[in-house]
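Asks: Hey, dropping work09.txt in here, compact mmCIF, C-alpha atoms and all ligand atoms:
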# COMPACT_ATOMS: atom_id res chain seq x y z
CA MET S 1 -58.82 -213.74 -24.65
CA GLY S 2 -61.93 -215.63 -23.52
CA TYR S 3 -65.52 -214.87 -24.48
CA LEU S 4 -66.81 -211.38 -23.60
CA LYS S 5 -70.39 -210.30 -24.27
CA VAL S 6 -71.47 -206.74 -23.52
CA LEU S 7 -75.22 -206.70 -24.00
CA ASP S 8 -76.51 -204.21 -26.52
CA HIS S 9 -80.22 -203.79 -25.74
CA PRO S 10 -82.44 -200.69 -25.38
CA LEU S 11 -84.00 -201.97 -22.13
CA ILE S 12 -80.56 -202.43 -20.59
CA ASP S 13 -79.48 -198.97 -21.79
CA HIS S 14 -82.61 -197.49 -20.17
CA LYS S 15 -81.95 -199.21 -16.83
CA MET S 16 -78.26 -198.28 -16.96
CA ALA S 17 -79.28 -194.62 -17.19
CA ILE S 18 -81.25 -195.11 -13.96
CA ILE S 19 -78.50 -196.80 -11.94
CA ARG S 20 -75.74 -194.49 -13.17
CA ASN S 21 -77.70 -191.42 -12.07
CA LYS S 22 -76.40 -190.22 -8.70
CA ASN S 23 -79.91 -188.98 -7.79
CA THR S 24 -81.49 -192.45 -8.05
CA GLY S 25 -82.44 -193.70 -4.57
CA PRO S 26 -81.90 -197.23 -3.17
CA LYS S 27 -85.40 -198.52 -4.07
CA GLU S 28 -85.20 -197.70 -7.77
CA PHE S 29 -81.52 -198.64 -7.83
CA ARG S 30 -82.26 -202.11 -6.40
CA GLU S 31 -85.20 -202.64 -8.77
CA SER S 32 -83.10 -201.78 -11.81
CA VAL S 33 -80.18 -204.00 -10.69
CA PHE S 34 -82.72 -206.84 -10.25
CA GLU S 35 -84.11 -206.25 -13.77
CA ILE S 36 -80.66 -206.03 -15.39
CA GLY S 37 -79.77 -209.31 -13.65
CA MET S 38 -82.82 -210.93 -15.27
CA LEU S 39 -82.03 -209.62 -18.76
CA LEU S 40 -78.37 -210.69 -18.56
CA THR S 41 -79.39 -214.16 -17.40
CA TYR S 42 -81.79 -214.58 -20.30
CA GLU S 43 -78.95 -213.81 -22.72
CA LEU S 44 -76.37 -215.93 -20.92
CA SER S 45 -78.67 -218.95 -20.64
CA LYS S 46 -78.96 -219.18 -24.43
CA ASN S 47 -75.67 -221.14 -24.25
CA PHE S 48 -76.86 -223.65 -21.64
CA LYS S 49 -76.91 -227.24 -22.90
CA SER S 50 -80.20 -229.17 -22.95
CA VAL S 51 -80.88 -232.90 -23.11
CA PRO S 52 -83.96 -234.66 -24.51
CA VAL S 53 -86.54 -236.25 -22.19
CA GLU S 54 -89.73 -238.16 -22.97
CA VAL S 55 -92.81 -236.41 -21.57
CA GLU S 56 -96.37 -237.71 -21.64
CA THR S 57 -98.77 -234.88 -22.41
CA PRO S 58 -102.54 -235.43 -21.91
CA MET S 59 -102.53 -236.37 -25.65
CA GLU S 60 -99.41 -238.51 -26.27
CA LYS S 61 -95.72 -238.97 -25.54
CA THR S 62 -93.38 -236.34 -26.93
CA THR S 63 -89.75 -235.30 -26.71
CA CYS S 64 -89.00 -232.25 -24.59
CA TYR S 65 -85.70 -230.66 -23.56
CA VAL S 66 -84.43 -229.92 -20.07
CA LEU S 67 -81.22 -228.35 -18.79
CA GLU S 68 -78.34 -230.82 -18.80
CA LYS S 69 -76.77 -229.55 -15.56
CA PRO S 70 -77.99 -227.98 -12.33
CA VAL S 71 -77.25 -224.27 -11.95
CA VAL S 72 -75.60 -222.65 -8.93
CA ILE S 73 -75.57 -218.88 -8.45
CA VAL S 74 -72.59 -217.53 -6.48
CA PRO S 75 -72.96 -213.84 -5.58
CA ILE S 76 -69.92 -212.04 -4.25
CA LEU S 77 -71.07 -210.16 -1.12
CA ARG S 78 -72.30 -207.65 -0.76
CA ALA S 79 -73.15 -206.12 -4.12
CA GLY S 80 -73.64 -209.47 -5.89
CA LEU S 81 -76.73 -210.00 -3.70
CA GLY S 82 -78.49 -207.24 -5.64
CA MET S 83 -78.54 -209.35 -8.81
CA VAL S 84 -79.43 -212.72 -7.27
CA GLU S 85 -83.20 -212.29 -7.18
CA GLY S 86 -83.31 -211.35 -10.87
CA ILE S 87 -81.24 -214.39 -11.83
CA HIS S 88 -83.32 -216.63 -9.56
CA THR S 89 -86.52 -215.36 -11.18
CA ILE S 90 -85.28 -216.77 -14.50
CA ILE S 91 -83.72 -219.95 -13.03
CA PRO S 92 -85.77 -220.66 -9.87
CA GLN S 93 -84.37 -224.18 -9.42
CA ALA S 94 -80.83 -222.83 -8.99
CA LYS S 95 -79.10 -223.26 -5.65
CA ILE S 96 -77.19 -220.33 -4.21
CA GLY S 97 -73.69 -220.23 -2.71
CA HIS S 98 -72.34 -217.13 -0.99
CA VAL S 99 -68.84 -215.74 -1.11
CA GLY S 100 -67.87 -212.82 1.14
CA LEU S 101 -65.04 -210.56 0.00
CA TYR S 102 -64.21 -206.92 0.49
CA ARG S 103 -61.49 -204.87 -1.16
CA ASP S 104 -58.68 -203.64 1.05
CA GLU S 105 -58.90 -199.84 0.82
CA LYS S 106 -55.15 -199.38 0.21
CA THR S 107 -54.07 -202.38 -1.87
CA PHE S 108 -57.50 -202.97 -3.55
CA GLU S 109 -56.80 -206.69 -3.07
CA PRO S 110 -59.82 -208.80 -2.05
CA VAL S 111 -60.00 -210.06 1.55
CA TRP S 112 -62.06 -213.20 2.37
CA TYR S 113 -64.63 -213.26 5.16
CA PHE S 114 -67.27 -215.85 4.17
CA CYS S 115 -67.85 -218.91 1.97
CA LYS S 116 -70.84 -221.26 1.94
CA LEU S 117 -71.46 -223.34 -1.17
CA PRO S 118 -74.06 -226.00 -2.03
CA PRO S 119 -72.83 -229.63 -2.19
CA ASN S 120 -73.71 -230.22 -5.88
CA ILE S 121 -71.51 -227.38 -7.08
CA THR S 122 -68.94 -229.49 -8.95
CA GLU S 123 -71.64 -230.88 -11.30
CA ALA S 124 -73.24 -227.50 -11.91
CA VAL S 125 -72.99 -224.57 -14.26
CA VAL S 126 -71.82 -221.91 -11.81
CA LEU S 127 -72.73 -218.26 -12.31
CA VAL S 128 -70.36 -215.96 -10.41
CA VAL S 129 -72.20 -212.70 -9.84
CA ASP S 130 -70.81 -209.26 -9.04
CA PRO S 131 -72.17 -206.03 -10.54
CA MET S 132 -68.75 -204.33 -10.58
CA LEU S 133 -65.73 -205.77 -12.42
CA ALA S 134 -63.15 -203.17 -11.40
CA THR S 135 -59.59 -204.49 -10.89
CA GLY S 136 -61.05 -207.97 -11.46
CA GLY S 137 -59.43 -209.20 -8.22
CA SER S 138 -62.65 -210.23 -6.43
CA ALA S 139 -63.99 -212.16 -9.42
CA SER S 140 -60.63 -213.79 -10.18
CA VAL S 141 -59.93 -215.10 -6.66
CA THR S 142 -63.52 -216.34 -6.34
CA ILE S 143 -63.20 -218.30 -9.57
CA SER S 144 -59.78 -219.68 -8.53
CA MET S 145 -61.32 -220.89 -5.26
CA LEU S 146 -64.22 -222.57 -7.14
CA LYS S 147 -61.79 -224.29 -9.52
CA GLU S 148 -59.74 -225.55 -6.54
CA LYS S 149 -62.95 -227.15 -5.25
CA GLY S 150 -63.41 -228.94 -8.60
CA VAL S 151 -65.87 -226.67 -10.39
CA THR S 152 -65.27 -226.79 -14.15
CA ASP S 153 -68.14 -224.85 -15.78
CA ILE S 154 -68.11 -221.20 -14.68
CA ARG S 155 -69.58 -218.00 -16.20
CA PHE S 156 -69.24 -214.46 -14.82
CA ILE S 157 -72.19 -212.02 -14.80
CA GLY S 158 -71.58 -208.37 -13.98
CA ILE S 159 -73.16 -205.04 -14.77
CA VAL S 160 -70.30 -202.57 -15.27
CA GLY S 161 -66.85 -203.63 -16.42
CA CYS S 162 -63.74 -201.78 -17.52
CA PRO S 163 -60.70 -202.78 -19.60
CA GLU S 164 -58.51 -203.41 -16.51
CA GLY S 165 -61.00 -205.83 -14.90
CA VAL S 166 -61.82 -207.67 -18.11
CA LYS S 167 -58.11 -208.08 -18.90
CA ARG S 168 -57.33 -209.50 -15.45
CA LEU S 169 -60.29 -211.92 -15.50
CA ALA S 170 -59.71 -213.03 -19.09
CA THR S 171 -55.98 -213.56 -18.43
CA ASP S 172 -56.43 -215.46 -15.16
CA HIS S 173 -59.45 -217.46 -16.41
CA PRO S 174 -59.65 -217.56 -20.21
CA ASP S 175 -62.18 -220.42 -19.97
CA VAL S 176 -64.76 -218.25 -18.15
CA ALA S 177 -67.23 -216.35 -20.35
CA ILE S 178 -67.91 -212.79 -19.16
CA TYR S 179 -71.36 -211.17 -19.52
CA LEU S 180 -71.73 -207.44 -18.82
CA ALA S 181 -74.35 -204.75 -19.33
CA ALA S 182 -71.76 -202.01 -20.00
CA MET S 183 -68.06 -201.61 -20.63
CA ASP S 184 -66.72 -198.36 -19.16
CA SER S 185 -63.64 -196.26 -19.82
CA HIS S 186 -61.16 -196.86 -16.98
CA LEU S 187 -60.44 -197.10 -13.24
CA ASN S 188 -59.62 -193.99 -11.22
CA GLU S 189 -56.82 -193.77 -8.62
CA ASP S 190 -59.15 -195.31 -5.99
CA ALA S 191 -59.87 -198.27 -8.31
CA TYR S 192 -63.44 -197.10 -8.94
CA ILE S 193 -64.90 -197.53 -12.41
CA VAL S 194 -65.34 -194.32 -14.44
CA PRO S 195 -67.98 -193.22 -15.33
CA GLY S 196 -69.41 -196.23 -13.44
CA LEU S 197 -72.16 -195.84 -10.86
CA GLY S 198 -70.22 -195.27 -7.64
CA ASP S 199 -70.12 -197.80 -4.81
CA CYS S 200 -72.68 -200.42 -5.76
CA GLY S 201 -72.93 -202.05 -2.32
CA ASP S 202 -73.53 -198.72 -0.61
CA ARG S 203 -76.15 -197.71 -3.20
CA LEU S 204 -78.01 -201.03 -2.92
CA PHE S 205 -78.07 -201.14 0.86
CA GLY S 206 -78.07 -197.44 1.76
CA THR S 207 -74.86 -197.68 3.78
CA LYS S 208 -73.55 -194.23 2.88
C1 LIG S 301 -66.90 -204.04 -4.64
C2 LIG S 301 -67.80 -204.71 -5.65
C3 LIG S 301 -66.98 -205.91 -6.04
C4 LIG S 301 -65.58 -205.41 -5.95
C5 LIG S 301 -65.08 -205.19 -7.34
O1 LIG S 301 -66.99 -204.65 -3.41
O2 LIG S 301 -69.03 -205.06 -5.12
O3 LIG S 301 -67.16 -207.02 -5.18
O4 LIG S 301 -65.63 -204.18 -5.22
O5 LIG S 301 -63.80 -204.72 -7.31
P1 LIG S 301 -62.57 -205.50 -7.90
O6 LIG S 301 -62.93 -205.95 -9.28
O7 LIG S 301 -61.51 -204.45 -7.91
O8 LIG S 301 -62.23 -206.63 -6.99
P2 LIG S 301 -66.52 -203.97 -2.05
O9 LIG S 301 -65.14 -204.41 -1.70
O10 LIG S 301 -66.75 -202.51 -2.12
O11 LIG S 301 -67.46 -204.65 -1.00
P3 LIG S 301 -69.05 -204.52 -0.83
O12 LIG S 301 -69.70 -205.15 -2.04
O13 LIG S 301 -69.30 -205.29 0.42
O14 LIG S 301 -69.38 -203.06 -0.70
N1 LIG S 302 -66.78 -201.35 -6.44
C1 LIG S 302 -67.84 -200.54 -6.66
O1 LIG S 302 -68.88 -200.65 -5.99
N2 LIG S 302 -67.75 -199.60 -7.61
C2 LIG S 302 -66.64 -199.44 -8.35
O2 LIG S 302 -66.62 -198.56 -9.22
C3 LIG S 302 -65.55 -200.29 -8.12
C4 LIG S 302 -65.65 -201.24 -7.15
Now that the file is in, can you turn its structure into structure tokens?
Replies:
Amino acid sequence: MGYLKVLDHPLIDHKMAIIRNKNTGPKEFRESVFEIGMLLTYELSKNFKSVPVEVETPMEKTTCYVLEKPVVIVPILRAGLGMVEGIHTIIPQAKIGHVGLYRDEKTFEPVWYFCKLPPNITEAVVLVVDPMLATGGSASVTISMLKEKGVTDIRFIGIVGCPEGVKRLATDHPDVAIYLAAMDSHLNEDAYIVPGLGDCGDRLFGTK
């Protein structure tokens, strides 16, 4: 099994209570998803590698540290978009690639409809972003596609996971560290996470 970190933090718990609540409207839902994205990114970025650089301050030269690699954020549409702004607030120099997938309603298998990635992606640390890790299919096929393109350094950031999704992702991609805000009980017969927060894309964008 690869690395799995489920953040244990009172601020995350507080925001999870907001987004799990069925009475929370799209504005507060989006704001909390944004904020959870920021907090997860702060934790995840503790493992980024830095390299020394000489910097001349107004007083003298000194050694500073900068990120070794560029960062690329890859949200899985649609729901991944809700976390991008929070991640970008912490890493504003990151480029963003977009991957469009939806789950087939009967098979729950992901279906491709869009892919646009920045050219430097093979040199970058790539953050694959999707708030919901349900069957793990969407995250797994996205990561397989990135590896086929030559990407070697990939992390997954989600909000709610479940044992089924974590098992699939960790089995298919044991080299990819998984960062989540909560680990839930199970999937229901419609492959929704329980207790979860419902359909994240619909709640972010008001489509139901
Ligand atoms: C949801 C969610 C994830 C995916 C997770 O997307 O946003 O992308 O399901 O499920 P999985 O782990 O079983 O693959 P959905 O297909 O509902 O599309 P949407 O984000 O456009 O609403
Ligand atoms: N997608 C969602 O938006 N929610 C779930 O619980 C599972 C997949």
Asks: Pick out the residues no farther than 12 Å from ligand LIG 302 (chain S), counting all atoms listed in the file, and list them as an NGL selection string.
Replies: :S and (19-20 or 76-80 or 82 or 101-105 or 108-110 or 130-139 or 158-162 or 164-165 or 183-205 or 207-208)
Asks: Have a look at S:Ile87, S:Ile12, S:Val55, S:Leu81 and name the one nearest to ligand LIG 301 (chain S); count all atoms listed in the file.
Replies: S:Leu81
Asks: Take every atom of ligand LIG 301 (chain S) listed in the file, pad by 4 Å on each side, and give me the axis-aligned box centre and edge lengths in Å, one decimal, as JSON.
Replies:
{"center_x": -65.6, "center_y": -204.8, "center_z": -4.4, "size_x": 16.2, "size_y": 12.5, "size_z": 17.7}
Asks: Between S:Ile143, S:Leu39, S:Ile91, S:Ala177, which one has atoms that come closest to ligand LIG 301 (chain S), using only C-alpha atoms and all ligand atoms?
Replies: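 When distances to ligand LIG 301 (chain S) are compared using only C-alpha atoms and all ligand atoms, the smallest one comes from S:Ile143.
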Asks: Which of these, S:Cys64, S:Ala94, S:Val74, S:Ile178, has the shortest distance to Leu40 (chain S) once you count only C-alpha atoms?
Replies: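 For Leu40 (chain S), the nearest of the candidates is S:Ile178.
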Asks: In terms of the shortest atom-to-atom distance over all atoms listed in the file, which of S:Lys22, S:Arg30, S:Arg168, S:Lys49 is closest to ligand LIG 301 (chain S)?
Replies: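 Nearest candidate to ligand LIG 301 (chain S) out of S:Lys22, S:Arg30, S:Arg168, S:Lys49: S:Arg168.
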